[in-house]
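Engineer: Sharing my_file-v8.cif below, mmCIF, C-alpha atoms:
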data_target
#
loop_
_atom_site.label_atom_id
_atom_site.label_comp_id
_atom_site.auth_asym_id
_atom_site.auth_seq_id
_atom_site.Cartn_x
_atom_site.Cartn_y
_atom_site.Cartn_z
CA MET X 7 47.07 132.44 104.77
CA GLU X 8 49.50 131.60 101.96
CA GLN X 9 52.43 132.29 104.27
CA LEU X 10 51.05 129.85 106.82
CA VAL X 11 50.60 127.13 104.18
CA ASN X 12 54.19 127.55 102.92
CA LEU X 13 55.55 127.47 106.45
CA LYS X 14 53.54 124.36 107.26
CA ASN X 15 54.90 122.62 104.16
CA ARG X 16 58.45 123.55 105.17
CA ILE X 17 57.90 122.12 108.65
CA LYS X 18 56.65 118.90 107.09
CA ALA X 19 59.64 118.70 104.71
CA VAL X 20 62.20 119.29 107.46
CA GLY X 21 60.39 116.70 109.59
CA THR X 22 60.83 114.14 106.81
CA ILE X 23 64.53 114.97 106.56
CA LYS X 24 64.85 114.60 110.31
CA LYS X 25 63.37 111.09 110.15
CA ILE X 26 65.88 110.13 107.45
CA THR X 27 68.91 111.52 109.30
CA HIS X 28 67.74 109.88 112.52
CA ALA X 29 67.44 106.51 110.77
CA MET X 30 70.90 106.89 109.22
CA ARG X 31 72.29 107.81 112.63
CA LEU X 32 70.95 104.57 114.09
CA ILE X 33 72.24 102.51 111.15
CA SER X 34 75.75 104.00 111.36
CA MET X 35 75.93 103.35 115.10
CA SER X 36 74.78 99.77 114.55
CA ASN X 37 77.42 99.24 111.84
CA HIS X 38 80.09 100.79 114.04
CA SER X 39 79.20 98.49 116.93
CA LYS X 40 79.38 95.41 114.68
CA LEU X 41 82.77 96.45 113.34
CA ARG X 42 84.08 97.21 116.82
CA THR X 43 83.29 93.65 117.95
CA LYS X 44 85.41 92.31 115.07
CA LYS X 45 88.34 94.60 115.84
CA GLU X 46 89.69 92.43 118.66
CA PHE X 47 89.68 89.29 116.50
CA LEU X 48 91.48 91.06 113.65
CA ALA X 49 94.05 92.50 116.07
CA THR X 50 94.73 89.06 117.59
CA TYR X 51 95.12 87.48 114.16
CA SER X 52 97.40 90.29 112.98
CA GLN X 53 99.58 90.08 116.08
CA GLU X 54 100.06 86.34 115.71
CA VAL X 55 100.91 86.59 112.01
CA LYS X 56 103.47 89.30 112.73
CA ARG X 57 104.95 87.21 115.55
CA ILE X 58 105.45 84.24 113.25
CA GLY X 59 106.84 86.55 110.58
CA THR X 60 109.39 87.93 113.04
CA ILE X 61 110.47 84.40 113.95
CA ILE X 62 110.91 83.42 110.30
CA ASN X 63 112.84 86.60 109.49
CA SER X 64 115.23 85.81 112.33
CA LEU X 65 116.04 82.50 110.64
CA VAL X 66 116.46 83.87 107.12
CA GLN X 67 119.90 85.09 106.14
CA GLN X 68 119.72 88.69 105.00
CA ASP X 69 122.01 88.08 102.05
CA GLN X 70 119.58 85.46 100.75
CA ILE X 71 116.73 87.95 100.49
CA GLN X 72 116.56 89.21 96.94
CA GLU X 73 115.11 92.62 96.35
CA ASN X 74 114.03 94.23 93.13
CA LYS X 75 116.42 97.11 92.51
CA ILE X 76 114.11 98.81 90.02
CA LYS X 77 111.95 101.25 91.95
CA LYS X 78 108.27 100.77 91.24
CA THR X 79 105.76 102.74 93.29
CA LEU X 80 102.07 102.14 93.86
CA ILE X 81 99.76 104.61 95.59
CA ILE X 82 96.44 103.46 97.10
CA ILE X 83 93.79 105.94 98.23
CA ILE X 84 91.15 104.60 100.63
CA ALA X 85 88.01 106.72 101.02
CA SER X 86 84.32 105.88 101.46
CA GLU X 87 81.90 104.29 99.05
CA LYS X 88 79.06 106.66 99.99
CA GLY X 89 78.80 110.25 101.16
CA LEU X 90 76.90 111.82 104.06
CA CYS X 91 79.79 111.23 106.47
CA GLY X 92 80.76 114.79 107.34
CA ASN X 93 84.34 115.82 106.61
CA PHE X 94 85.58 112.23 106.48
CA ASN X 95 86.51 112.40 102.78
CA SER X 96 87.29 116.12 102.51
CA LYS X 97 89.79 115.92 105.39
CA LEU X 98 91.53 113.01 103.67
CA PHE X 99 91.65 114.80 100.32
CA ILE X 100 93.16 117.92 101.90
CA PHE X 101 95.80 115.72 103.52
CA ILE X 102 96.53 114.02 100.18
CA LYS X 103 97.06 117.36 98.41
CA LYS X 104 99.82 118.18 100.90
CA ALA X 105 101.53 114.77 100.86
CA TYR X 106 100.86 113.42 97.35
CA PRO X 107 104.06 112.82 95.33
CA PHE X 108 102.95 114.57 92.15
CA ASN X 109 106.42 114.61 90.60
CA GLU X 110 107.16 110.91 91.06
CA LYS X 111 106.24 108.24 88.54
CA HIS X 112 103.78 105.80 90.07
CA ASP X 113 100.64 103.73 89.58
CA LEU X 114 97.39 104.64 91.32
CA ILE X 115 94.56 102.53 92.78
CA THR X 116 91.45 103.81 94.55
CA VAL X 117 89.24 102.07 97.11
CA GLY X 118 85.78 103.56 97.54
CA LYS X 119 83.73 105.44 94.96
CA GLN X 120 84.49 108.83 96.53
CA ALA X 121 88.23 108.23 96.06
CA ALA X 122 87.73 107.43 92.37
CA ILE X 123 85.73 110.64 91.87
CA TYR X 124 88.40 112.68 93.66
CA THR X 125 91.32 111.32 91.62
CA ARG X 126 89.42 111.86 88.39
CA THR X 127 88.13 115.38 89.07
CA ASP X 128 90.69 116.95 91.42
CA LEU X 129 93.98 115.12 90.97
CA LYS X 130 93.38 114.59 87.22
CA LYS X 131 95.10 111.21 87.50
CA GLU X 132 94.36 107.97 85.70
CA THR X 133 93.90 104.88 87.85
CA ILE X 134 94.90 101.34 86.90
CA LYS X 135 92.37 99.72 89.24
CA ASN X 136 89.25 100.85 91.13
CA PHE X 137 87.28 99.26 93.96
CA ASP X 138 84.14 101.41 93.99
CA ILE X 139 82.16 99.04 96.23
CA PHE X 140 83.82 99.13 99.64
CA ASN X 141 82.07 97.91 102.80
CA SER X 142 82.41 95.53 105.74
CA LEU X 143 81.38 92.57 103.59
CA ASN X 144 84.11 92.78 100.96
CA PHE X 145 87.11 94.50 102.60
CA ILE X 146 88.89 91.14 103.06
CA LYS X 147 88.37 90.30 99.38
CA ILE X 148 89.74 93.72 98.43
CA SER X 149 92.83 93.18 100.59
CA GLN X 150 93.46 89.81 98.94
CA ASP X 151 93.08 91.24 95.43
CA LEU X 152 95.41 94.13 96.26
CA THR X 153 97.98 91.75 97.76
CA ASN X 154 98.03 89.58 94.63
CA PHE X 155 98.31 92.66 92.43
CA ILE X 156 101.19 94.10 94.47
CA LEU X 157 103.18 90.86 94.40
CA GLU X 158 102.47 90.07 90.74
CA ASN X 159 103.72 93.50 89.65
CA HIS X 160 106.75 93.49 92.01
CA TYR X 161 106.21 96.91 93.56
CA THR X 162 109.06 98.12 95.74
CA ASP X 163 107.11 100.92 97.39
CA VAL X 164 103.40 100.95 98.26
CA ILE X 165 102.04 104.17 99.77
CA ILE X 166 98.53 104.21 101.24
CA PHE X 167 96.47 107.28 102.12
CA SER X 168 93.62 106.50 104.51
CA ASN X 169 91.70 107.59 107.59
CA TYR X 170 91.73 106.06 111.04
CA GLN X 171 89.77 106.59 114.22
CA LYS X 172 91.82 108.31 116.92
CA THR X 173 88.76 108.51 119.16
CA PHE X 174 85.09 108.03 118.35
CA PHE X 175 84.69 111.76 117.74
CA VAL X 176 88.07 112.36 116.10
CA GLN X 177 89.11 110.84 112.76
CA GLN X 178 92.52 111.58 111.30
CA SER X 179 94.29 110.96 108.00
CA LYS X 180 97.60 109.18 107.61
CA LYS X 181 100.17 108.10 105.05
CA THR X 182 101.43 104.51 105.36
CA ASN X 183 104.25 102.78 103.54
CA LEU X 184 102.82 99.27 103.37
CA LEU X 185 106.03 97.37 102.64
CA SER X 186 107.94 98.98 105.50
CA ILE X 187 105.38 98.49 108.29
CA LYS X 188 107.44 97.45 111.29
CA LYS X 189 106.52 94.40 113.24
CA ASP X 190 105.43 94.75 116.85
CA SER X 191 108.38 95.95 118.92
CA ASP X 192 107.07 93.95 121.87
CA THR X 193 107.51 90.68 119.99
CA LYS X 194 110.37 88.84 121.65
CA ILE X 195 112.13 86.05 119.83
CA ASN X 196 113.66 83.29 121.87
CA GLN X 197 114.58 79.68 121.40
CA LEU X 198 111.27 78.52 122.88
CA ASP X 199 109.31 80.44 120.24
CA ILE X 200 111.26 78.79 117.45
CA GLN X 201 110.85 75.32 118.91
CA ASP X 202 107.08 75.75 119.09
CA TYR X 203 106.84 75.03 115.35
CA LEU X 204 107.88 72.14 113.13
CA TRP X 205 109.32 73.70 109.99
CA ALA X 206 108.64 71.29 107.10
CA GLN X 207 110.08 73.73 104.57
CA LYS X 208 113.12 75.95 104.47
CA PRO X 209 112.76 79.32 106.23
CA GLU X 210 113.31 81.11 102.91
CA GLU X 211 110.33 79.33 101.33
CA ILE X 212 108.10 79.97 104.34
CA ASN X 213 109.20 83.60 104.43
CA GLU X 214 108.13 84.10 100.82
CA LYS X 215 104.65 82.71 101.50
CA LEU X 216 104.33 84.51 104.81
CA LYS X 217 105.18 87.79 103.10
CA LYS X 218 101.93 87.55 101.15
CA VAL X 219 99.94 86.86 104.31
CA MET X 220 101.52 89.80 106.17
CA ILE X 221 100.82 92.24 103.33
CA SER X 222 97.20 91.05 103.23
CA VAL X 223 96.83 91.42 107.01
CA ASN X 224 98.30 94.93 106.99
CA LEU X 225 95.91 95.90 104.20
CA GLN X 226 92.97 94.43 106.12
CA GLU X 227 93.88 96.54 109.15
CA LEU X 228 94.06 99.75 107.10
CA LEU X 229 90.78 99.03 105.32
CA PHE X 230 89.10 98.08 108.60
CA GLU X 231 90.33 101.27 110.30
CA SER X 232 88.90 103.32 107.46
CA LEU X 233 85.51 101.60 107.69
CA LEU X 234 85.39 102.10 111.46
CA ALA X 235 86.27 105.78 111.15
CA GLU X 236 83.73 106.24 108.35
CA GLN X 237 80.82 104.90 110.43
CA ALA X 238 81.80 107.06 113.41
CA SER X 239 82.06 110.13 111.18
CA ARG X 240 78.68 109.36 109.58
CA PHE X 241 77.05 108.99 113.00
CA ILE X 242 78.41 112.36 114.13
CA SER X 243 77.29 114.02 110.88
CA MET X 244 73.78 112.54 111.01
CA ASP X 245 73.47 113.31 114.73
CA ASN X 246 74.31 116.96 114.07
CA ALA X 247 71.89 117.04 111.14
CA THR X 248 69.10 115.57 113.29
CA ARG X 249 69.71 118.11 116.06
CA ASN X 250 69.79 121.00 113.57
CA ALA X 251 66.55 119.77 111.98
CA GLU X 252 64.91 119.61 115.43
CA GLN X 253 66.01 123.19 116.21
CA LEU X 254 64.82 124.40 112.80
CA ILE X 255 61.42 122.72 113.27
CA ASN X 256 61.00 124.30 116.69
CA GLN X 257 61.90 127.73 115.32
CA MET X 258 59.53 127.37 112.36
CA LYS X 259 56.71 126.16 114.64
CA LEU X 260 57.26 129.23 116.82
CA ASN X 261 57.11 131.50 113.78
CA TYR X 262 54.04 129.64 112.51
CA ASN X 263 52.22 130.16 115.81
CA LYS X 264 53.20 133.84 115.89
CA ILE X 265 51.92 134.45 112.36
CA ARG X 266 48.77 132.44 113.06
CA GLN X 267 48.11 134.36 116.28
CA THR X 268 48.71 137.65 114.50
CA SER X 269 46.26 136.66 111.80
CA ILE X 270 43.61 135.69 114.37
CA THR X 271 44.14 138.92 116.31
CA ARG X 272 43.82 140.97 113.13
CA GLU X 273 40.59 139.22 112.17
CA LEU X 274 39.11 139.72 115.66
CA THR X 275 40.07 143.39 115.54
CA GLU X 276 38.38 143.82 112.16
CA LEU X 277 35.24 142.08 113.42
CA SER X 278 35.07 144.15 116.59
CA SER X 279 35.65 147.40 114.74
CA SER X 280 32.85 146.64 112.26
CA ILE X 281 30.25 146.23 115.03
#
Rewrite the structure from the file as structure tokens, please.
Structural biologist:
Amino acid sequence: MEQLVNLKNRIKAVGTIKKITHAMRLISMSNHSKLRTKKEFLATYSQEVKRIGTIINSLVQQDQIQENKIKKTLIIIIASEKGLCGNFNSKLFIFIKKAYPFNEKHDLITVGKQAAIYTRTDLKKETIKNFDIFNSLNFIKISQDLTNFILENHYTDVIIFSNYQKTFFVQQSKKTNLLSIKKDSDTKINQLDIQDYLWAQKPEEINEKLKKVMISVNLQELLFESLLAEQASRFISMDNATRNAEQLINQMKLNYNKIRQTSITRELTELSSSI
């Protein structure tokens, strides 16, 4: 009897977990769908900004562009704010261990609470800035803050470790040098493109302002890719957990019925033998 009670309690507990994982699966799919609808708008905006940037760069004399000769490196790690997203974070951290420049002098910034925990416990590195709260509501604000910080501190090299969604079921990690992201190769510059705009300022002045916009846009794309991959990874993880819980419940119900039937058979046998 005690065995049946314990098994029944376990079935109830796993059933509760199944309801939670099922709810999280639905939420992650809903969040992923909302982000996916915004992807096209962000891509269009990014493409147009890069097109204008290519036009401006074609007008700016290369010898007029001043670069900081002192090398100053910033590393940004983008992970998730919350857990329960499968191997989304662990895959990124394994990738970082292989590609992280441990011997180089650099500053470190983390985006997402899981990234801050990793750098503190595994990398044993001090960060100069943390963005623990990272979601679809504040990723643009984070990109703007990072852009201002990068430009104010005159970094010559900004390396970003993040995840992106190759397909819905496959998320991969990558290393991006933010300040050397190439503009779209398909962007063609001709005289008509240049004449489309009335340049009130000198190209050098516009280029300096546009540089800030382009860095912000590139950061937005990387942050957005990470959020999209995170929701897909969480859906897959919660879907697997829900399926496993269903299988476990079915197996425990089968065992429960077997034990219950055995107990009933034993009691009937004892009654019949006593007559």
Engineer: Work out how far atom CA of Ile82 of chain X is from atom CA of Gln177 of chain X, in Å to one decimal.
Structural biologist: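 These atoms are spaced 18.8 Å apart.
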Engineer: Check which residues of segment 197-263 of chain X sit at most 9 Å from segment 51-61 of chain X using all atoms listed in the file, and return one row each with the closest pair of atoms and their distance in Å to one decimal, ordered by chain and rising number, as CSV.
Structural biologist:
residue,atom,partner,partner_atom,distance
X:Asp199,CA,X:Ile61,CA,7.5
X:Ile200,CA,X:Ile61,CA,6.7
X:Asn213,CA,X:Gly59,CA,7.2
X:Leu216,CA,X:Gly59,CA,6.6
X:Lys217,CA,X:Gly59,CA,7.8
X:Val219,CA,X:Val55,CA,7.8
X:Met220,CA,X:Val55,CA,6.7
X:Val223,CA,X:Ser52,CA,6.1
X:Asn224,CA,X:Ser52,CA,7.6
X:Glu227,CA,X:Ser52,CA,8.1
Engineer: Taking only C-alpha atoms into account, name the residue in X:His112, X:Lys97, X:Lys77, X:His160 that is nearest to Glu132 of chain X.
Structural biologist: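 Of X:His112, X:Lys97, X:Lys77, X:His160, the one nearest Glu132 of chain X, counting only C-alpha atoms, is X:His112.
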Engineer: Excluding segment 255-272 of chain X and any residue of its chain fewer than 4 positions from it, enumerate the residues within 10 Å of it, using only C-alpha atoms, and give them as a PyMOL selection string.
Structural biologist: chain X and resi 7+9-14+16-21+24+249-251+276-278
Engineer: Please determine, counting all atoms listed in the file, which residue among X:Leu228, X:Ile166, X:Ile62, X:Leu157 has the shortest atom-to-atom distance to Ile102 of chain X.
Structural biologist: X:Ile166
Engineer: Quick check, in Å to one decimal: how far apart do atom CA of Ile139 of chain X and atom CA of Leu234 of chain X lie?
Structural biologist: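 If I compute the distance from atom CA of Ile139 of chain X to atom CA of Leu234 of chain X, I get 15.9 Å.
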Engineer: Suppose you want the space between atom CA of Ile76 of chain X and atom CA of Thr133 of chain X; what is it in Å?
Structural biologist: 21.2 Å
Engineer: Would you be able to write out as number ranges by chain which residues have an atom within 8 Å of (89.8, 113.2, 100.4) in the file's coordinates, counting all atoms listed in the file?
Structural biologist: X: 85, 94-102, 120-121, 124
Engineer: Excluding His38 of chain X and residues on its chain fewer than 2 positions from it, collect all residues at most 9 Å away from it, counting only C-alpha atoms, and give them as a ChimeraX atom specification.
Structural biologist: /X:33-36,40-43,233-238,241
Engineer: Some atoms are missing, so please complete segment 238-264 of chain X with N, CA and C atoms and return it as an mmCIF file, in the frame of the given file.
Structural biologist:
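Contents of result05.cif, as written:
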data_model
loop_
_atom_site.group_PDB
_atom_site.id
_atom_site.type_symbol
_atom_site.label_atom_id
_atom_site.label_comp_id
_atom_site.auth_asym_id
_atom_site.auth_seq_id
_atom_site.Cartn_x
_atom_site.Cartn_y
_atom_site.Cartn_z
ATOM 1 N N ALA X 238 81.810 106.088 112.304
ATOM 2 C CA ALA X 238 81.800 107.060 113.410
ATOM 3 C C ALA X 238 81.559 108.465 112.877
ATOM 4 N N SER X 239 82.225 108.799 111.773
ATOM 5 C CA SER X 239 82.060 110.130 111.180
ATOM 6 C C SER X 239 80.634 110.321 110.661
ATOM 7 N N ARG X 240 80.057 109.267 110.080
ATOM 8 C CA ARG X 240 78.680 109.360 109.580
ATOM 9 C C ARG X 240 77.690 109.536 110.740
ATOM 10 N N PHE X 241 77.927 108.832 111.837
ATOM 11 C CA PHE X 241 77.050 108.990 113.000
ATOM 12 C C PHE X 241 77.081 110.424 113.507
ATOM 13 N N ILE X 242 78.278 110.987 113.635
ATOM 14 C CA ILE X 242 78.410 112.360 114.130
ATOM 15 C C ILE X 242 77.719 113.335 113.183
ATOM 16 N N SER X 243 77.901 113.146 111.878
ATOM 17 C CA SER X 243 77.290 114.020 110.880
ATOM 18 C C SER X 243 75.766 113.939 110.931
ATOM 19 N N MET X 244 75.227 112.715 110.974
ATOM 20 C CA MET X 244 73.780 112.540 111.010
ATOM 21 C C MET X 244 73.179 112.994 112.341
ATOM 22 N N ASP X 245 73.930 112.840 113.420
ATOM 23 C CA ASP X 245 73.470 113.310 114.730
ATOM 24 C C ASP X 245 73.352 114.832 114.732
ATOM 25 N N ASN X 246 74.361 115.497 114.167
ATOM 26 C CA ASN X 246 74.310 116.960 114.070
ATOM 27 C C ASN X 246 73.169 117.412 113.167
ATOM 28 N N ALA X 247 72.969 116.686 112.065
ATOM 29 C CA ALA X 247 71.890 117.040 111.140
ATOM 30 C C ALA X 247 70.527 116.867 111.804
ATOM 31 N N THR X 248 70.370 115.807 112.593
ATOM 32 C CA THR X 248 69.100 115.570 113.290
ATOM 33 C C THR X 248 68.834 116.660 114.315
ATOM 34 N N ARG X 249 69.861 117.046 115.065
ATOM 35 C CA ARG X 249 69.710 118.110 116.060
ATOM 36 C C ARG X 249 69.376 119.448 115.396
ATOM 37 N N ASN X 250 70.061 119.743 114.288
ATOM 38 C CA ASN X 250 69.790 121.000 113.570
ATOM 39 C C ASN X 250 68.370 121.012 113.011
ATOM 40 N N ALA X 251 67.916 119.860 112.510
ATOM 41 C CA ALA X 251 66.550 119.770 111.980
ATOM 42 C C ALA X 251 65.531 119.994 113.101
ATOM 43 N N GLU X 252 65.801 119.435 114.278
ATOM 44 C CA GLU X 252 64.910 119.610 115.430
ATOM 45 C C GLU X 252 64.829 121.095 115.829
ATOM 46 N N GLN X 253 65.978 121.759 115.867
ATOM 47 C CA GLN X 253 66.010 123.190 116.210
ATOM 48 C C GLN X 253 65.271 124.019 115.155
ATOM 49 N N LEU X 254 65.475 123.665 113.876
ATOM 50 C CA LEU X 254 64.820 124.400 112.800
ATOM 51 C C LEU X 254 63.306 124.213 112.859
ATOM 52 N N ILE X 255 62.859 122.983 113.146
ATOM 53 C CA ILE X 255 61.420 122.720 113.270
ATOM 54 C C ILE X 255 60.820 123.516 114.404
ATOM 55 N N ASN X 256 61.507 123.538 115.537
ATOM 56 C CA ASN X 256 61.000 124.300 116.690
ATOM 57 C C ASN X 256 60.905 125.786 116.373
ATOM 58 N N GLN X 257 61.914 126.313 115.674
ATOM 59 C CA GLN X 257 61.900 127.730 115.320
ATOM 60 C C GLN X 257 60.787 128.033 114.326
ATOM 61 N N MET X 258 60.586 127.150 113.352
ATOM 62 C CA MET X 258 59.530 127.370 112.360
ATOM 63 C C MET X 258 58.141 127.227 112.987
ATOM 64 N N LYS X 259 57.994 126.300 113.934
ATOM 65 C CA LYS X 259 56.710 126.160 114.640
ATOM 66 C C LYS X 259 56.397 127.410 115.444
ATOM 67 N N LEU X 260 57.436 127.987 116.063
ATOM 68 C CA LEU X 260 57.260 129.230 116.820
ATOM 69 C C LEU X 260 56.826 130.361 115.902
ATOM 70 N N ASN X 261 57.486 130.473 114.750
ATOM 71 C CA ASN X 261 57.110 131.500 113.780
ATOM 72 C C ASN X 261 55.699 131.257 113.234
ATOM 73 N N TYR X 262 55.388 129.990 113.003
ATOM 74 C CA TYR X 262 54.040 129.640 112.510
ATOM 75 C C TYR X 262 52.970 130.067 113.508
ATOM 76 N N ASN X 263 53.197 129.782 114.779
ATOM 77 C CA ASN X 263 52.220 130.160 115.810
ATOM 78 C C ASN X 263 52.091 131.680 115.949
ATOM 79 N N LYS X 264 53.230 132.375 115.811
ATOM 80 C CA LYS X 264 53.200 133.840 115.890
ATOM 81 C C LYS X 264 52.383 134.437 114.742
#
